[in-house]
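S.K.: To start, I am sharing the structure in question, which I have written as structure tokens.
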Amino acid sequence: MKVAMLREFGPVENFEIAEIPTPKPEFKEVLVKVFATSVNPLDYQVRRGDYKNELELPVITGHDVSGEIVELGPGVENFKIGDEVYYTPEIFKGQGSYVQYHCAHESIIGIKPKNISHLEAATLPLAAGTAWEMLVTRAQLKINQSILIHGGAGGVGIPTIQIAKAMGGVVYTTARKVHHEFLLELGADYVIDYENENYIDAIQQMTDNQGVDIIIDTIGGNTLSDSGKILSQLGQVVTLVDIEKPQNLIEAWGKNATYHFVFTRQNRNKLDELTKLVESKKLKPILNKVFSLAEIGEAHRLLETKGDDENFYGKIGIDIE
């Protein structure tokens, strides 16, 4: 089968399109013909070597699969040949998704939503799965709670806004002015222009100095330390960003705040819930651009430099066929 492989960590030029044997499913595994995948920040972090101590070269990265089951391993009980499925591979235990065929344990895969394409479905497992883990598993967002989502136009921000609205939250988000109309249509209640407004002042003004109940951090920097300034009492901060330097959390301490650090875990139940949201049209994948597997380096380059394009938002899909 054809794969996009890294024999060395580093720049996008290190990707090599190679042929390797098609894997065979083991106990409780299925073999999936991969129709589509997508590109996430975690993928280029793996490519450039951020997790080199966790992985052995050569590496096949990629964290989203949408495809069709073509073979069952022994002991599989919940799926059959021909099922269309989607999921996030366990890359730190095996191959990633930049492949034509992929083996996965049946416990981490879900039935693909029927009302969207494979390319659209491939934008969801990691990004929307992370949003689900942040909102449902960790913060346990309740109806009418207020939530600030940093980076609303990003790959994780977009599904987080939609899921938060589906759960009944009051959604504040930050984004460039060019994205405000889109994010309001997506379901955000209030959008803050972070380039021309101080989001801390804006939140205090809009909440009458009460702050928000939950803050979702997708951008890093000083967000962890600044969040305490606009949290309500007993508020929560959920972050998926690595901490690059020590943070002063004295403001959060005064609010009796709770911090959650999220690295997405794979499971079928989460995907089943996402499928329900998609099929009820409460969650819509936003596919911005599509590349072929041979163009994987260009896809990585675009995602890494998207800050240079003010109009860029949503996800990048990879057509494997």
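Residue numbering restarts at 1 in every chain; chains get A, B, ... in the order shown in the structure tokens, and ligands count up from 1 in that same order.
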Report as JSON lines: every residue of segment 106-169 of chain A with an atom at most 9 Å from segment 39-61 of chain A, its closest pair of atoms, and their distance in Å to one decimal, counting only C-alpha atoms, with rows sorted by chain and ascending residue number.
M.R.:
```
{"residue": "A:Thr123", "atom": "CA", "partner": "A:Val39", "partner_atom": "CA", "distance": 8.1}
{"residue": "A:Leu126", "atom": "CA", "partner": "A:Asn40", "partner_atom": "CA", "distance": 8.1}
{"residue": "A:Ala127", "atom": "CA", "partner": "A:Asn40", "partner_atom": "CA", "distance": 7.9}
{"residue": "A:Gly155", "atom": "CA", "partner": "A:Asn40", "partner_atom": "CA", "distance": 7.6}
```
S.K.: Would you mind exporting C-alpha atoms of the selected residues as a PDB file, in the first residue's frame?
M.R.:
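This is the output file again_37.pdb:
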```pdb
ATOM      1  CA  THR A 123     -12.077  16.531   9.681  1.00  0.00           C
ATOM      2  CA  LEU A 126      -9.377  14.452  16.503  1.00  0.00           C
ATOM      3  CA  ALA A 127     -10.685  18.042  16.494  1.00  0.00           C
ATOM      4  CA  GLY A 155      -9.767  23.480  13.646  1.00  0.00           C
TER       5      GLY A 155
END
```
S.K.: Could you pull the residues within 7 Å of Tyr259 of chain A, counting only C-alpha atoms, minus those fewer than 6 positions along the same chain, as a PyMOL selection string?
M.R.: chain A and resi 236-238
S.K.: Which of segment 164-262 of chain A end up as strand (DSSP E) when DSSP is run on this backbone - answer as a list in words?
M.R.: Val170, Val171, Tyr172, Thr173, Thr174, Ala175, Tyr190, Val191, Ile192, Asp193, Val212, Asp213, Ile214, Ile215, Ile216, Asp217, Leu231, Ser232, Gln233, Leu234, Gly235, Gln236, Val237, Val238, Thr239, Thr258, Tyr259, His260 and Phe261 of chain A
S.K.: Among the residues of segment 93-191 of chain A, find those DSSP assigns to alpha helix (DSSP H) from the backbone and print them as a PyMOL selection string.
M.R.: chain A and resi 118-121+125-132+157-166+180-186
S.K.: For Gly254 of chain A, which residue among A:Leu274, A:Ile230, A:Ala131, A:Val85 is the nearest when counting only C-alpha atoms?
M.R.: A:Ile230
S.K.: Can you tell me which residues surround Phe15 of chain A at a distance of at most 9 Å, considering only C-alpha atoms, apart from same-chain residues fewer than 5 positions away, and format the answer as a list in words?
M.R.: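 Once the nearby chain positions are removed, what remains is Ala4, Met5, Leu6, Arg7, Glu8, Arg47, Ile296 and Gly297 of chain A.
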S.K.: Would you tabulate, counting only C-alpha atoms, all residues of segment 107-176 of chain A that have an atom at most 8 Å from an atom of segment 194-199 of chain A, showing the closest pair of atoms and their distance in Å to one decimal, sorted by chain then ascending number, as JSON lines?
M.R.:
```
{"residue": "A:Thr174", "atom": "CA", "partner": "A:Tyr194", "partner_atom": "CA", "distance": 5.8}
{"residue": "A:Ala175", "atom": "CA", "partner": "A:Tyr194", "partner_atom": "CA", "distance": 6.0}
{"residue": "A:Arg176", "atom": "CA", "partner": "A:Tyr194", "partner_atom": "CA", "distance": 6.4}
```
S.K.: Include N, CA and C atoms and write out the residues we just selected as a compact mmCIF listing (two decimals), in the first residue's frame.
M.R.:
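As a result, selection30.txt now contains:
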```txt
# COMPACT_ATOMS: atom_id res chain seq x y z
N THR A 174 -13.02 34.31 20.53
CA THR A 174 -12.12 35.31 19.96
C THR A 174 -11.76 34.91 18.54
N ALA A 175 -11.64 35.90 17.67
CA ALA A 175 -11.29 35.65 16.27
C ALA A 175 -10.98 36.96 15.58
N ARG A 176 -10.31 36.88 14.43
CA ARG A 176 -10.13 38.06 13.60
C ARG A 176 -11.48 38.56 13.11
```
S.K.: Excluding Asn209 of chain A and its own-chain neighbours fewer than 6 positions away, which residues fall within 12 Å of it when counting only C-alpha atoms? Please give them as a list in words.
M.R.: Ile200, Asp201, Ala202, Ile203, Lys229, Ile230, Leu231, Ser232 and Gln233 of chain A
S.K.: Quick one: distance from atom CA of Leu31 of chain A to atom CA of Ala104 of chain A in Å, one decimal?
M.R.: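 Atom CA of Ala104 of chain A lies at a distance of 6.8 Å from atom CA of Leu31 of chain A.
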